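Q: This one is structure.txt, compact mmCIF, C-alpha atoms.
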```
# COMPACT_ATOMS: atom_id res chain seq x y z
CA MET A 1055 -33.26 3.12 -10.36
CA LYS A 1056 -32.33 5.24 -7.37
CA LEU A 1057 -29.12 4.24 -5.60
CA VAL A 1058 -28.10 5.52 -2.17
CA ILE A 1059 -24.42 5.26 -1.24
CA ASN A 1060 -23.59 5.47 2.45
CA ALA A 1061 -20.11 6.99 2.61
CA ALA A 1062 -20.73 8.93 5.81
CA SER A 1063 -17.33 7.96 7.28
CA ALA A 1064 -15.20 8.61 4.18
CA LYS A 1065 -12.92 11.34 5.51
CA MET A 1066 -9.35 10.23 4.86
CA GLY A 1067 -7.01 7.50 3.64
CA GLY A 1068 -8.32 4.61 1.61
CA ALA A 1069 -12.00 5.46 2.25
CA LEU A 1070 -11.61 8.94 0.78
CA ARG A 1071 -9.64 7.58 -2.18
CA TYR A 1072 -12.28 4.93 -2.78
CA ILE A 1073 -15.31 7.23 -2.84
CA SER A 1074 -13.47 9.76 -5.03
CA SER A 1075 -12.62 7.09 -7.61
CA LEU A 1076 -16.05 5.48 -7.37
CA LEU A 1077 -17.82 8.74 -8.23
CA GLU A 1078 -15.60 9.13 -11.26
CA TYR A 1079 -16.48 5.76 -12.77
CA LEU A 1080 -19.82 4.60 -11.29
CA PRO A 1081 -22.20 7.22 -12.80
CA GLY A 1082 -21.52 5.92 -16.30
CA ALA A 1083 -22.73 2.46 -15.29
CA PHE A 1084 -25.95 4.02 -13.94
CA ALA A 1085 -26.48 6.69 -16.58
CA ASP A 1086 -30.28 6.45 -16.35
CA SER A 1087 -30.33 6.35 -12.55
CA GLU A 1088 -30.10 8.84 -9.72
CA ILE A 1089 -27.24 8.34 -7.27
CA VAL A 1090 -27.53 9.93 -3.83
CA VAL A 1091 -24.26 9.97 -1.87
CA LEU A 1092 -24.27 10.47 1.92
CA LEU A 1093 -20.85 11.74 2.96
CA PRO A 1094 -19.13 14.12 5.39
CA PRO A 1095 -19.35 17.84 4.53
CA GLU A 1096 -15.56 18.17 4.31
CA THR A 1097 -15.42 15.29 1.81
CA ALA A 1098 -18.24 16.76 -0.27
CA ALA A 1099 -16.32 20.03 -0.48
CA LYS A 1100 -13.30 18.23 -1.99
CA LEU A 1101 -15.21 16.49 -4.79
CA GLU A 1102 -15.20 18.28 -8.12
CA ASN A 1103 -16.83 17.71 -11.52
CA VAL A 1104 -19.48 15.39 -10.12
CA SER A 1105 -21.70 13.75 -12.73
CA PRO A 1106 -25.18 15.31 -13.26
CA ASN A 1107 -26.89 12.12 -12.09
CA VAL A 1108 -25.07 12.26 -8.74
CA ARG A 1109 -26.47 14.23 -5.81
CA LEU A 1110 -24.13 14.82 -2.89
CA ALA A 1111 -25.94 14.82 0.46
CA PRO A 1112 -23.57 16.00 3.22
CA VAL A 1113 -24.34 14.48 6.62
CA ALA A 1114 -22.62 15.39 9.87
CA ILE A 1115 -22.13 12.42 12.18
CA SER A 1116 -20.79 12.83 15.68
CA HIS A 1117 -17.88 10.42 16.27
CA ALA A 1118 -17.50 11.58 19.86
CA SER A 1119 -19.88 8.84 20.97
CA TRP A 1120 -19.98 5.35 19.54
CA TRP A 1121 -23.66 5.10 20.48
CA ARG A 1122 -24.54 8.22 18.50
CA ARG A 1123 -22.87 6.71 15.48
CA LEU A 1124 -24.76 3.47 16.06
CA TRP A 1125 -28.04 5.39 16.21
CA TRP A 1126 -27.22 7.04 12.87
CA ASP A 1127 -26.38 3.72 11.21
CA TRP A 1128 -29.41 1.87 12.51
CA VAL A 1129 -32.12 4.53 12.67
CA THR A 1130 -31.27 7.68 10.73
CA LEU A 1131 -29.89 5.84 7.70
CA ARG A 1132 -32.97 3.63 7.49
CA ARG A 1133 -35.18 6.73 7.48
CA LEU A 1134 -33.08 8.31 4.72
CA VAL A 1135 -33.28 5.19 2.56
CA ARG A 1136 -37.05 5.13 2.92
CA LYS A 1137 -37.36 8.88 2.37
CA GLU A 1138 -35.36 8.65 -0.85
CA LYS A 1139 -37.44 5.64 -1.96
CA ALA A 1140 -34.18 3.95 -2.87
CA ASP A 1141 -34.06 0.77 -4.91
CA ALA A 1142 -30.60 -0.12 -3.60
CA LEU A 1143 -28.17 0.83 -0.84
CA PHE A 1144 -24.41 0.54 -1.19
CA ALA A 1145 -22.80 0.79 2.27
CA ILE A 1146 -19.03 1.24 2.11
CA GLY A 1147 -18.16 1.41 5.81
CA ASN A 1148 -18.37 -2.22 7.11
CA PHE A 1149 -21.72 -1.65 8.83
CA GLY A 1150 -25.05 -2.03 7.06
CA LEU A 1151 -28.76 -2.05 7.80
CA TRP A 1152 -30.40 -5.12 9.26
CA HIS A 1153 -33.55 -5.95 7.25
CA CYS A 1154 -32.79 -3.14 4.84
CA PRO A 1155 -35.86 -1.75 3.02
CA ALA A 1156 -33.92 -1.89 -0.28
CA ARG A 1157 -31.43 -4.25 -1.91
CA GLN A 1158 -28.17 -3.83 0.00
CA VAL A 1159 -24.56 -4.31 -1.08
CA LEU A 1160 -22.16 -4.07 1.86
CA LEU A 1161 -18.45 -3.37 1.47
CA VAL A 1162 -16.49 -5.03 4.28
CA ASN A 1163 -13.02 -3.52 4.13
CA ASN A 1164 -11.66 -3.21 7.67
CA ALA A 1165 -9.38 -6.16 8.27
CA LEU A 1166 -8.70 -5.05 11.85
CA TYR A 1167 -12.03 -6.46 13.01
CA PHE A 1168 -11.20 -9.96 11.77
CA SER A 1169 -7.40 -10.32 11.68
CA GLU A 1170 -6.10 -13.02 14.00
CA ALA A 1171 -2.64 -11.41 13.97
CA TYR A 1172 -3.96 -7.97 14.92
CA TRP A 1173 -6.07 -9.25 17.79
CA ARG A 1174 -3.24 -11.37 19.16
CA LEU A 1175 -0.43 -8.86 18.76
CA CYS A 1176 -2.25 -5.55 19.32
CA VAL A 1177 -5.77 -5.84 20.73
CA SER A 1178 -4.62 -8.14 23.53
CA LYS A 1179 -2.53 -5.21 24.82
CA HIS A 1180 -5.27 -2.58 24.51
CA PRO A 1181 -7.15 -1.18 27.52
CA LEU A 1182 -10.34 -3.03 28.46
CA ARG A 1183 -12.63 -0.28 27.15
CA ARG A 1184 -10.92 -0.35 23.76
CA ARG A 1185 -11.16 -4.16 23.57
CA ILE A 1186 -14.88 -4.04 24.35
CA GLU A 1187 -15.48 -1.39 21.68
CA LEU A 1188 -13.61 -3.41 19.04
CA ARG A 1189 -15.55 -6.55 19.94
CA LEU A 1190 -18.80 -4.63 19.57
CA ARG A 1191 -17.72 -3.26 16.19
CA ARG A 1192 -16.76 -6.74 15.03
CA TRP A 1193 -20.12 -8.12 16.15
CA LEU A 1194 -21.92 -5.37 14.25
CA ALA A 1195 -19.84 -5.98 11.12
CA ILE A 1196 -20.52 -9.73 11.28
CA ASN A 1197 -24.28 -9.26 11.62
CA SER A 1198 -24.27 -6.58 8.92
CA ALA A 1199 -22.69 -9.15 6.59
CA ARG A 1200 -25.36 -11.69 7.48
CA ASN A 1201 -28.10 -9.19 6.61
CA ALA A 1202 -26.68 -7.90 3.32
CA ASP A 1203 -27.85 -9.15 -0.07
CA VAL A 1204 -24.26 -9.04 -1.32
CA VAL A 1205 -21.09 -8.79 0.77
CA MET A 1206 -18.28 -7.21 -1.24
CA LEU A 1207 -14.64 -7.57 -0.19
CA PRO A 1208 -11.54 -6.15 -1.87
CA SER A 1209 -9.42 -9.30 -1.64
CA GLU A 1210 -9.44 -13.06 -1.19
CA ALA A 1211 -7.43 -12.57 2.02
CA MET A 1212 -10.18 -10.35 3.42
CA LEU A 1213 -12.76 -12.96 2.47
CA CYS A 1214 -10.69 -15.58 4.25
CA GLU A 1215 -10.50 -13.46 7.43
CA LEU A 1216 -14.25 -12.79 7.43
CA GLY A 1217 -14.92 -16.48 6.82
CA ARG A 1218 -13.45 -17.28 10.23
CA PHE A 1219 -16.48 -15.58 11.81
CA VAL A 1220 -19.45 -15.80 9.47
CA LYS A 1221 -20.61 -18.05 6.66
CA VAL A 1222 -22.22 -15.99 3.94
CA GLY A 1223 -24.64 -17.77 1.66
CA ASN A 1224 -23.75 -19.15 -1.77
CA GLY A 1225 -23.53 -16.37 -4.34
CA GLN A 1226 -23.66 -13.69 -1.63
CA ALA A 1227 -19.94 -12.85 -1.57
CA LEU A 1228 -18.16 -10.77 -4.18
CA VAL A 1229 -14.39 -10.44 -4.18
CA ASN A 1230 -13.90 -7.20 -6.08
CA PRO A 1231 -10.37 -5.73 -6.09
CA TYR A 1232 -10.02 -1.96 -6.24
CA GLY A 1233 -8.36 -0.18 -9.12
CA THR A 1234 -5.95 2.60 -9.83
CA ALA A 1235 -6.12 5.41 -12.34
CA GLU A 1236 -2.34 5.77 -12.42
CA THR A 1237 -0.47 5.19 -15.63
CA CYS A 1238 1.37 1.93 -16.03
CA ASP A 1239 4.07 3.60 -18.07
CA THR A 1240 7.29 3.67 -16.10
CA PRO A 1241 8.91 7.14 -16.22
CA PRO A 1242 12.67 7.24 -16.76
CA ARG A 1243 14.53 7.33 -13.47
CA ARG A 1244 18.10 7.20 -12.41
CA SER A 1245 19.46 3.78 -11.52
CA ALA A 1246 19.20 2.87 -7.85
CA ALA A 1247 22.59 1.21 -8.16
CA LYS A 1248 24.56 4.47 -8.44
CA SER A 1249 26.50 4.48 -5.21
CA HIS A 1250 27.20 8.22 -5.22
CA GLU A 1251 23.50 9.02 -4.84
CA PRO A 1252 21.20 8.02 -1.95
CA VAL A 1253 18.87 5.11 -2.54
CA ARG A 1254 15.41 6.49 -1.90
CA LEU A 1255 12.97 4.29 -0.01
CA LEU A 1256 9.28 5.18 0.26
CA PHE A 1257 6.56 3.99 2.63
CA VAL A 1258 3.10 5.39 1.86
CA SER A 1259 0.47 5.02 4.60
CA LEU A 1260 -1.35 6.91 7.30
CA TYR A 1261 0.11 6.03 10.70
CA ALA A 1262 -1.42 3.20 12.73
CA GLU A 1263 0.02 0.53 15.01
CA HIS A 1264 -0.56 -2.29 12.52
CA LYS A 1265 1.49 -0.47 9.87
CA ASN A 1266 4.61 -1.85 11.57
CA LEU A 1267 6.64 1.35 11.21
CA ALA A 1268 9.00 0.33 14.02
CA THR A 1269 10.42 -2.60 12.06
CA LEU A 1270 11.19 -0.33 9.12
CA LEU A 1271 12.81 2.30 11.35
CA ARG A 1272 14.97 -0.31 13.10
CA ALA A 1273 16.09 -1.61 9.71
CA MET A 1274 17.52 1.75 8.62
CA PRO A 1275 20.71 1.70 10.75
CA ILE A 1276 21.32 -1.95 9.78
CA LEU A 1277 20.84 -1.09 6.13
CA ASN A 1278 23.19 1.87 6.17
CA ALA A 1279 25.87 -0.07 8.03
CA SER A 1280 25.73 -2.89 5.48
CA ALA A 1281 26.23 -0.98 2.23
CA SER A 1282 28.66 1.45 0.66
CA CYS A 1283 25.83 3.79 -0.32
CA VAL A 1284 23.29 5.71 1.73
CA PHE A 1285 19.66 4.66 2.08
CA GLU A 1286 17.12 7.39 2.81
CA LEU A 1287 13.52 6.75 3.81
CA THR A 1288 10.53 9.02 3.25
CA THR A 1289 7.43 7.85 5.07
CA LEU A 1290 3.95 9.30 5.32
CA ALA A 1291 3.27 7.09 8.36
CA ASN A 1292 4.01 9.90 10.79
CA PRO A 1293 3.59 9.06 14.52
CA ALA A 1294 3.53 12.82 15.23
CA TRP A 1295 0.36 13.29 13.16
CA GLU A 1296 -2.15 15.28 15.22
CA ASN A 1297 -5.15 13.24 14.00
CA ILE A 1298 -3.55 9.93 14.80
CA GLY A 1299 -6.49 8.65 16.86
CA TRP A 1300 -6.05 5.86 19.37
CA SER A 1301 -2.70 4.07 19.24
CA ARG A 1302 -0.53 2.45 21.88
CA THR A 1303 2.64 2.59 19.77
CA TRP A 1304 2.96 6.18 18.55
CA GLN A 1305 5.19 7.43 21.38
CA GLY A 1306 7.65 4.57 21.04
CA ASP A 1307 7.75 4.92 17.26
CA LEU A 1308 8.28 8.67 17.51
CA GLU A 1309 11.17 8.18 19.96
CA LEU A 1310 12.66 5.58 17.62
CA ALA A 1311 12.35 7.94 14.63
CA ARG A 1312 14.23 10.63 16.60
CA ARG A 1313 17.21 8.42 17.49
CA PRO A 1314 20.35 9.91 15.91
CA ASP A 1315 21.23 6.78 13.94
CA VAL A 1316 17.68 6.67 12.55
CA SER A 1317 16.63 10.31 12.14
CA LYS A 1318 19.53 11.24 9.84
CA HIS A 1319 18.19 8.77 7.27
CA VAL A 1320 14.40 9.22 7.78
CA ARG A 1321 11.99 11.95 6.73
CA LEU A 1322 8.50 11.94 8.26
CA ALA A 1323 6.49 13.64 5.53
CA GLY A 1324 2.88 12.76 6.14
CA PRO A 1325 0.14 13.08 5.71
CA LEU A 1326 -0.01 14.48 2.16
CA ASN A 1327 -2.82 14.76 -0.35
CA HIS A 1328 -3.06 12.27 -3.20
CA ALA A 1329 -1.38 14.47 -5.82
CA GLU A 1330 1.57 15.17 -3.52
CA THR A 1331 1.87 11.47 -2.72
CA LEU A 1332 1.96 10.50 -6.39
CA ARG A 1333 4.92 12.82 -6.94
CA LEU A 1334 6.85 10.87 -4.31
CA TYR A 1335 6.55 7.67 -6.35
CA GLY A 1336 8.40 9.37 -9.18
CA GLN A 1337 11.28 10.18 -6.82
CA ALA A 1338 11.54 6.73 -5.19
CA ASP A 1339 13.80 3.79 -6.00
CA VAL A 1340 12.11 1.15 -3.81
CA VAL A 1341 8.72 1.09 -2.10
CA VAL A 1342 8.64 -0.63 1.30
CA PHE A 1343 5.35 -1.87 2.73
CA PRO A 1344 5.83 -3.34 6.24
CA SER A 1345 2.14 -3.37 7.27
CA PHE A 1346 1.08 -6.75 8.68
CA VAL A 1347 -2.70 -6.20 8.43
CA GLU A 1348 -4.49 -4.87 5.34
CA SER A 1349 -7.71 -5.50 3.50
CA PHE A 1350 -6.19 -4.36 0.19
CA GLY A 1351 -3.21 -1.98 0.15
CA PHE A 1352 -3.57 0.91 -2.32
CA PRO A 1353 0.13 1.92 -2.05
CA MET A 1354 1.30 -1.44 -3.37
CA VAL A 1355 -0.94 -1.13 -6.43
CA GLU A 1356 0.21 2.44 -7.03
CA ALA A 1357 3.84 1.37 -6.71
CA MET A 1358 3.32 -1.43 -9.23
CA ALA A 1359 1.62 0.99 -11.63
CA HIS A 1360 4.74 3.17 -11.46
CA GLY A 1361 7.00 0.20 -12.14
CA LEU A 1362 8.68 0.41 -8.75
CA PRO A 1363 10.21 -2.61 -6.98
CA ILE A 1364 8.45 -3.45 -3.72
CA VAL A 1365 9.70 -5.00 -0.49
CA ALA A 1366 6.64 -6.06 1.53
CA ALA A 1367 5.88 -7.92 4.74
CA ASP A 1368 5.24 -11.60 4.07
CA THR A 1369 1.48 -11.73 4.64
CA PRO A 1370 -1.35 -13.33 2.65
CA ILE A 1371 -2.79 -10.00 1.47
CA ASN A 1372 0.55 -8.56 0.36
CA ARG A 1373 1.36 -11.71 -1.62
CA GLU A 1374 -2.12 -11.71 -3.15
CA ILE A 1375 -1.82 -8.13 -4.36
CA CYS A 1376 1.80 -8.12 -5.57
CA GLN A 1377 2.65 -11.74 -6.41
CA ASP A 1378 6.01 -11.65 -8.25
CA ALA A 1379 6.15 -7.85 -8.38
CA ALA A 1380 7.58 -7.80 -4.83
CA VAL A 1381 10.00 -9.57 -2.54
CA TYR A 1382 8.89 -10.43 0.99
CA PHE A 1383 10.42 -10.26 4.45
CA ALA A 1384 9.50 -11.77 7.82
CA PRO A 1385 7.09 -9.12 9.17
CA PHE A 1386 8.88 -8.21 12.42
CA ASP A 1387 12.48 -9.02 11.49
CA GLU A 1388 14.34 -5.78 10.75
CA ALA A 1389 17.50 -7.67 9.76
CA ASP A 1390 15.57 -9.66 7.16
CA LEU A 1391 13.97 -6.45 5.89
CA ALA A 1392 17.40 -4.83 5.51
CA ARG A 1393 18.69 -7.90 3.65
CA LYS A 1394 15.76 -7.88 1.22
CA ILE A 1395 16.19 -4.18 0.47
CA LEU A 1396 19.89 -4.79 -0.18
CA ASP A 1397 19.03 -7.70 -2.47
CA VAL A 1398 16.77 -5.45 -4.53
CA HIS A 1399 19.35 -2.68 -4.61
CA ARG A 1400 22.19 -4.95 -5.74
CA ASP A 1401 20.31 -7.09 -8.27
CA ALA A 1402 19.56 -5.13 -11.45
CA ASP A 1403 17.82 -8.11 -13.04
CA LEU A 1404 15.51 -8.47 -10.05
CA ARG A 1405 14.59 -4.78 -10.21
CA ALA A 1406 13.93 -5.03 -13.92
CA SER A 1407 11.75 -8.10 -13.42
CA MET A 1408 9.60 -6.38 -10.81
CA ALA A 1409 9.43 -3.18 -12.87
CA SER A 1410 7.96 -5.26 -15.69
CA ALA A 1411 5.71 -7.48 -13.56
CA GLY A 1412 4.06 -4.62 -11.64
CA PRO A 1413 2.43 -2.73 -14.54
CA ARG A 1414 1.30 -6.00 -16.12
CA ARG A 1415 -0.39 -7.05 -12.90
CA VAL A 1416 -2.11 -3.69 -12.49
CA ALA A 1417 -3.37 -3.72 -16.08
CA GLY A 1418 -4.79 -7.22 -15.66
CA HIS A 1419 -6.28 -7.05 -12.17
CA PHE A 1420 -6.62 -3.55 -10.72
CA ARG A 1421 -8.71 -1.34 -12.99
CA TRP A 1422 -11.54 0.85 -11.75
CA GLU A 1423 -13.62 0.09 -14.84
CA ALA A 1424 -13.66 -3.62 -13.98
CA HIS A 1425 -14.34 -2.91 -10.30
CA VAL A 1426 -17.35 -0.73 -11.16
CA GLN A 1427 -18.72 -3.26 -13.65
CA ARG A 1428 -18.73 -6.01 -11.01
CA LEU A 1429 -20.23 -3.63 -8.44
CA ALA A 1430 -22.97 -2.56 -10.85
CA GLU A 1431 -23.92 -6.18 -11.42
CA ALA A 1432 -24.15 -6.74 -7.66
CA ILE A 1433 -26.28 -3.64 -7.12
CA SER A 1434 -28.68 -4.48 -9.94
CA GLY A 1435 -28.89 -8.14 -8.92
CA GLU A 1436 -27.41 -9.54 -12.13
CA GLU A 1437 -25.68 -12.88 -11.90
CA SER A 1438 -21.90 -12.93 -12.17
CA GLY A 1439 -19.63 -15.92 -12.18
CA GLU A 1440 -17.05 -13.94 -10.24
CA ARG A 1441 -19.44 -13.53 -7.31
CA ALA A 1442 -19.57 -17.15 -6.19
CA TRP A 1443 -18.74 -18.10 -2.62
CA LYS A 1444 -17.94 -21.55 -4.04
CA GLY A 1445 -19.70 -23.26 -1.16
CA ARG A 1446 -17.06 -22.41 1.47
CA ALA A 1447 -16.95 -19.88 4.26
CA ALA A 1448 -13.49 -18.85 3.09
CA ARG A 1449 -11.04 -19.81 0.38
CA ARG A 1450 -7.59 -20.89 1.47
CA VAL A 1451 -5.62 -21.04 -1.74
CA GLU A 1452 -2.05 -19.78 -2.01
CA TRP A 1453 -2.98 -16.88 0.31
CA GLU A 1454 -3.66 -19.35 3.13
CA LEU A 1455 -3.65 -17.72 6.56
CA ARG A 1456 -0.34 -17.93 8.37
CA SER A 1457 -0.28 -19.81 11.64
CA PRO A 1458 0.43 -17.77 14.80
CA SER A 1459 4.00 -19.07 14.86
CA SER A 1460 4.64 -17.42 11.50
CA PHE A 1461 4.37 -14.02 13.14
```
Write the structure described by the file as structure tokens, please.
A:
Amino acid sequence: MKLVINAASAKMGGALRYISSLLEYLPGAFADSEIVVLLPPETAAKLENVSPNVRLAPVAISHASWWRRLWWDWVTLRRLVRKEKADALFAIGNFGLWHCPARQVLLVNNALYFSEAYWRLCVSKHPLRRRIELRLRRWLAINSARNADVVMLPSEAMLCELGRFVKVGNGQALVNPYGTAETCDTPPRRSAAKSHEPVRLLFVSLYAEHKNLATLLRAMPILNASASCVFELTTLANPAWENIGWSRTWQGDLELARRPDVSKHVRLAGPLNHAETLRLYGQADVVVFPSFVESFGFPMVEAMAHGLPIVAADTPINREICQDAAVYFAPFDEADLARKILDVHRDADLRASMASAGPRRVAGHFRWEAHVQRLAEAISGEESGERAWKGRAARRVEWELRSPSSF
């Protein structure tokens, strides 16, 4: 078999982490096959110790024009698939080929296109040109899903969001959670309850408006006024990041971060590479995850693997990923966030419970070996009981979508 992987947009964040991990585990599942990976030149340069049956094919795509990117996805990619005489295409960037000349597995992993909360709270305030572009991207993602042989999603919540727009056929959808290679052994750390030392909070994420940094920043003065100890936040969600892209909130968040009552307790550290980020987990007492839109949430899984307590926004995806390894706060209520952090800080039994629940959950649900096995079955066309759509456009189990009033 020859497999082509379209990772042409995997430059940073979760996309870069995904393709790096995939190329570590996938070649073993296709030991007798050739894997051709289309990816940006800068990403190809970062990948080391690639398996002999993997051929990296750097491709430079201009992102200056949306139409040039569309031409690449619809025309150039089709030519490459035919030229390679591929048996299967795995597209990891939400957009796939219509009437693909090979079997196609499409990873839909951008919740921003489908999230009701994001469109109501953020997109409605965007300039007209930006709203039109997002609608076009959503339309393309929807029709890509309709044309794929298998639509893979990283979470039930993401499946539920997509199901509001498109009904994928029975057996066509695969909910396939990502994994983590981090150890589930909790390293010894000082107790967060020692009042003479700062309590170290950590928020790992690239900056974006849906990451809800403002709520976390506003909670810091409340938190420090409510306790006898000092709470310090390190966040990689840096609104001063030069590659921030389009955002309507970065200036306000940056001004908030520079307020005297906030800045003395906050360190904007991002972005960092993966190794540097992992070191921060070992220095943290509590991981905070205020994002109100996600398709998965790598930082929550990494925090659980390190046995760290988590305070997360109360959203379907965050509850799906963490379950009882986190406590949850009303997404835009800084006072509630401060209260939940204080609860975790003051309750040693609660911290111990989450420190135990997190590694167990990671070991049982978020392993790259299991992710790759399910993906390999989808690519080869083998039947899998875990790939059933179950006859519904979306499953609303305990991760049922919140009503607009909830936000």
Q: With distances taken over all atoms listed in the file, which residue among A:Ile1364, A:Leu1093, A:Ala1195, A:Ile1073 lies nearest Leu1124 (chain A)?
A: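 Of all the options, A:Ala1195 lies closest to Leu1124 (chain A).
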Q: As an exercise, work out the distance from CA of Leu1092 (chain A) to CA of Trp1193 (chain A) in Å and give it to one decimal place.
A: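 Separation of CA of Leu1092 (chain A) and CA of Trp1193 (chain A): 23.8 Å.
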Q: So which one's closest to Ile1089 (chain A), A:Arg1272, A:Arg1414, A:Lys1065, A:Lys1139? Using all atoms listed in the file, please.
A: A:Lys1139
Q: With the cut-off set at 10 Å and counting all atoms listed in the file, tabulate each residue of region 1356-1400 of chain A with an atom at most that distance from an atom of region 1333-1349 of chain A, showing the nearest atom pair and its distance in Å to one decimal, ordered by chain and increasing number, as JSON lines.
A:
```
{"residue": "A:Glu1356", "atom": "CA", "partner": "A:Tyr1335", "partner_atom": "CA", "distance": 8.2}
{"residue": "A:Ala1357", "atom": "CA", "partner": "A:Val1341", "partner_atom": "CA", "distance": 6.7}
{"residue": "A:Met1358", "atom": "CA", "partner": "A:Val1341", "partner_atom": "CA", "distance": 9.3}
{"residue": "A:Ala1359", "atom": "CA", "partner": "A:Tyr1335", "partner_atom": "CA", "distance": 9.8}
{"residue": "A:His1360", "atom": "CA", "partner": "A:Tyr1335", "partner_atom": "CA", "distance": 7.0}
{"residue": "A:Gly1361", "atom": "CA", "partner": "A:Tyr1335", "partner_atom": "CA", "distance": 9.5}
{"residue": "A:Leu1362", "atom": "CA", "partner": "A:Val1340", "partner_atom": "CA", "distance": 6.1}
{"residue": "A:Pro1363", "atom": "CA", "partner": "A:Val1340", "partner_atom": "CA", "distance": 5.3}
{"residue": "A:Ile1364", "atom": "CA", "partner": "A:Val1341", "partner_atom": "CA", "distance": 4.8}
{"residue": "A:Val1365", "atom": "CA", "partner": "A:Val1342", "partner_atom": "CA", "distance": 4.8}
{"residue": "A:Ala1366", "atom": "CA", "partner": "A:Phe1343", "partner_atom": "CA", "distance": 4.5}
{"residue": "A:Ala1367", "atom": "CA", "partner": "A:Pro1344", "partner_atom": "CA", "distance": 4.8}
{"residue": "A:Asp1368", "atom": "CA", "partner": "A:Phe1346", "partner_atom": "CA", "distance": 7.9}
{"residue": "A:Thr1369", "atom": "CA", "partner": "A:Phe1346", "partner_atom": "CA", "distance": 6.4}
{"residue": "A:Pro1370", "atom": "CA", "partner": "A:Phe1346", "partner_atom": "CA", "distance": 9.2}
{"residue": "A:Ile1371", "atom": "CA", "partner": "A:Glu1348", "partner_atom": "CA", "distance": 6.6}
{"residue": "A:Asn1372", "atom": "CA", "partner": "A:Glu1348", "partner_atom": "CA", "distance": 8.0}
{"residue": "A:Ala1380", "atom": "CA", "partner": "A:Val1341", "partner_atom": "CA", "distance": 9.4}
{"residue": "A:Val1381", "atom": "CA", "partner": "A:Val1342", "partner_atom": "CA", "distance": 9.8}
{"residue": "A:Tyr1382", "atom": "CA", "partner": "A:Pro1344", "partner_atom": "CA", "distance": 9.3}
{"residue": "A:Phe1383", "atom": "CA", "partner": "A:Pro1344", "partner_atom": "CA", "distance": 8.5}
{"residue": "A:Ala1384", "atom": "CA", "partner": "A:Pro1344", "partner_atom": "CA", "distance": 9.3}
{"residue": "A:Pro1385", "atom": "CA", "partner": "A:Phe1346", "partner_atom": "CA", "distance": 6.5}
{"residue": "A:Phe1386", "atom": "CA", "partner": "A:Pro1344", "partner_atom": "CA", "distance": 8.4}
{"residue": "A:Glu1388", "atom": "CA", "partner": "A:Pro1344", "partner_atom": "CA", "distance": 9.9}
{"residue": "A:Leu1391", "atom": "CA", "partner": "A:Pro1344", "partner_atom": "CA", "distance": 8.7}
{"residue": "A:Ile1395", "atom": "CA", "partner": "A:Val1340", "partner_atom": "CA", "distance": 8.0}
{"residue": "A:Val1398", "atom": "CA", "partner": "A:Val1340", "partner_atom": "CA", "distance": 8.1}
{"residue": "A:His1399", "atom": "CA", "partner": "A:Val1340", "partner_atom": "CA", "distance": 8.2}
```
Q: Keeping C-alpha atoms, export the residues of the selection given above as a PDB file, in the frame of the given file.
A:
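Contents of result_4.pdb, freshly written:
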```pdb
ATOM      1  CA  GLU A1356       0.210   2.440  -7.030  1.00  0.00           C
ATOM      2  CA  ALA A1357       3.840   1.370  -6.710  1.00  0.00           C
ATOM      3  CA  MET A1358       3.320  -1.430  -9.230  1.00  0.00           C
ATOM      4  CA  ALA A1359       1.620   0.990 -11.630  1.00  0.00           C
ATOM      5  CA  HIS A1360       4.740   3.170 -11.460  1.00  0.00           C
ATOM      6  CA  GLY A1361       7.000   0.200 -12.140  1.00  0.00           C
ATOM      7  CA  LEU A1362       8.680   0.410  -8.750  1.00  0.00           C
ATOM      8  CA  PRO A1363      10.210  -2.610  -6.980  1.00  0.00           C
ATOM      9  CA  ILE A1364       8.450  -3.450  -3.720  1.00  0.00           C
ATOM     10  CA  VAL A1365       9.700  -5.000  -0.490  1.00  0.00           C
ATOM     11  CA  ALA A1366       6.640  -6.060   1.530  1.00  0.00           C
ATOM     12  CA  ALA A1367       5.880  -7.920   4.740  1.00  0.00           C
ATOM     13  CA  ASP A1368       5.240 -11.600   4.070  1.00  0.00           C
ATOM     14  CA  THR A1369       1.480 -11.730   4.640  1.00  0.00           C
ATOM     15  CA  PRO A1370      -1.350 -13.330   2.650  1.00  0.00           C
ATOM     16  CA  ILE A1371      -2.790 -10.000   1.470  1.00  0.00           C
ATOM     17  CA  ASN A1372       0.550  -8.560   0.360  1.00  0.00           C
ATOM     18  CA  ALA A1380       7.580  -7.800  -4.830  1.00  0.00           C
ATOM     19  CA  VAL A1381      10.000  -9.570  -2.540  1.00  0.00           C
ATOM     20  CA  TYR A1382       8.890 -10.430   0.990  1.00  0.00           C
ATOM     21  CA  PHE A1383      10.420 -10.260   4.450  1.00  0.00           C
ATOM     22  CA  ALA A1384       9.500 -11.770   7.820  1.00  0.00           C
ATOM     23  CA  PRO A1385       7.090  -9.120   9.170  1.00  0.00           C
ATOM     24  CA  PHE A1386       8.880  -8.210  12.420  1.00  0.00           C
ATOM     25  CA  GLU A1388      14.340  -5.780  10.750  1.00  0.00           C
ATOM     26  CA  LEU A1391      13.970  -6.450   5.890  1.00  0.00           C
ATOM     27  CA  ILE A1395      16.190  -4.180   0.470  1.00  0.00           C
ATOM     28  CA  VAL A1398      16.770  -5.450  -4.530  1.00  0.00           C
ATOM     29  CA  HIS A1399      19.350  -2.680  -4.610  1.00  0.00           C
TER      30      HIS A1399
END
```
Q: As a ChimeraX atom specification, please: the residues near region 1177-1179 of chain A (cut-off 10 Å, only C-alpha atoms, same-chain neighbours under 3 positions excluded).
A: /A:1166-1167,1170-1174,1182,1184-1186,1188-1189,1302
Q: Could you jot down the CA of Val1135 (chain A) to CA of Arg1192 (chain A) separation for me, Å, one decimal place?
A: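 Answer for the CA of Val1135 (chain A) to CA of Arg1192 (chain A) separation: 23.9 Å.
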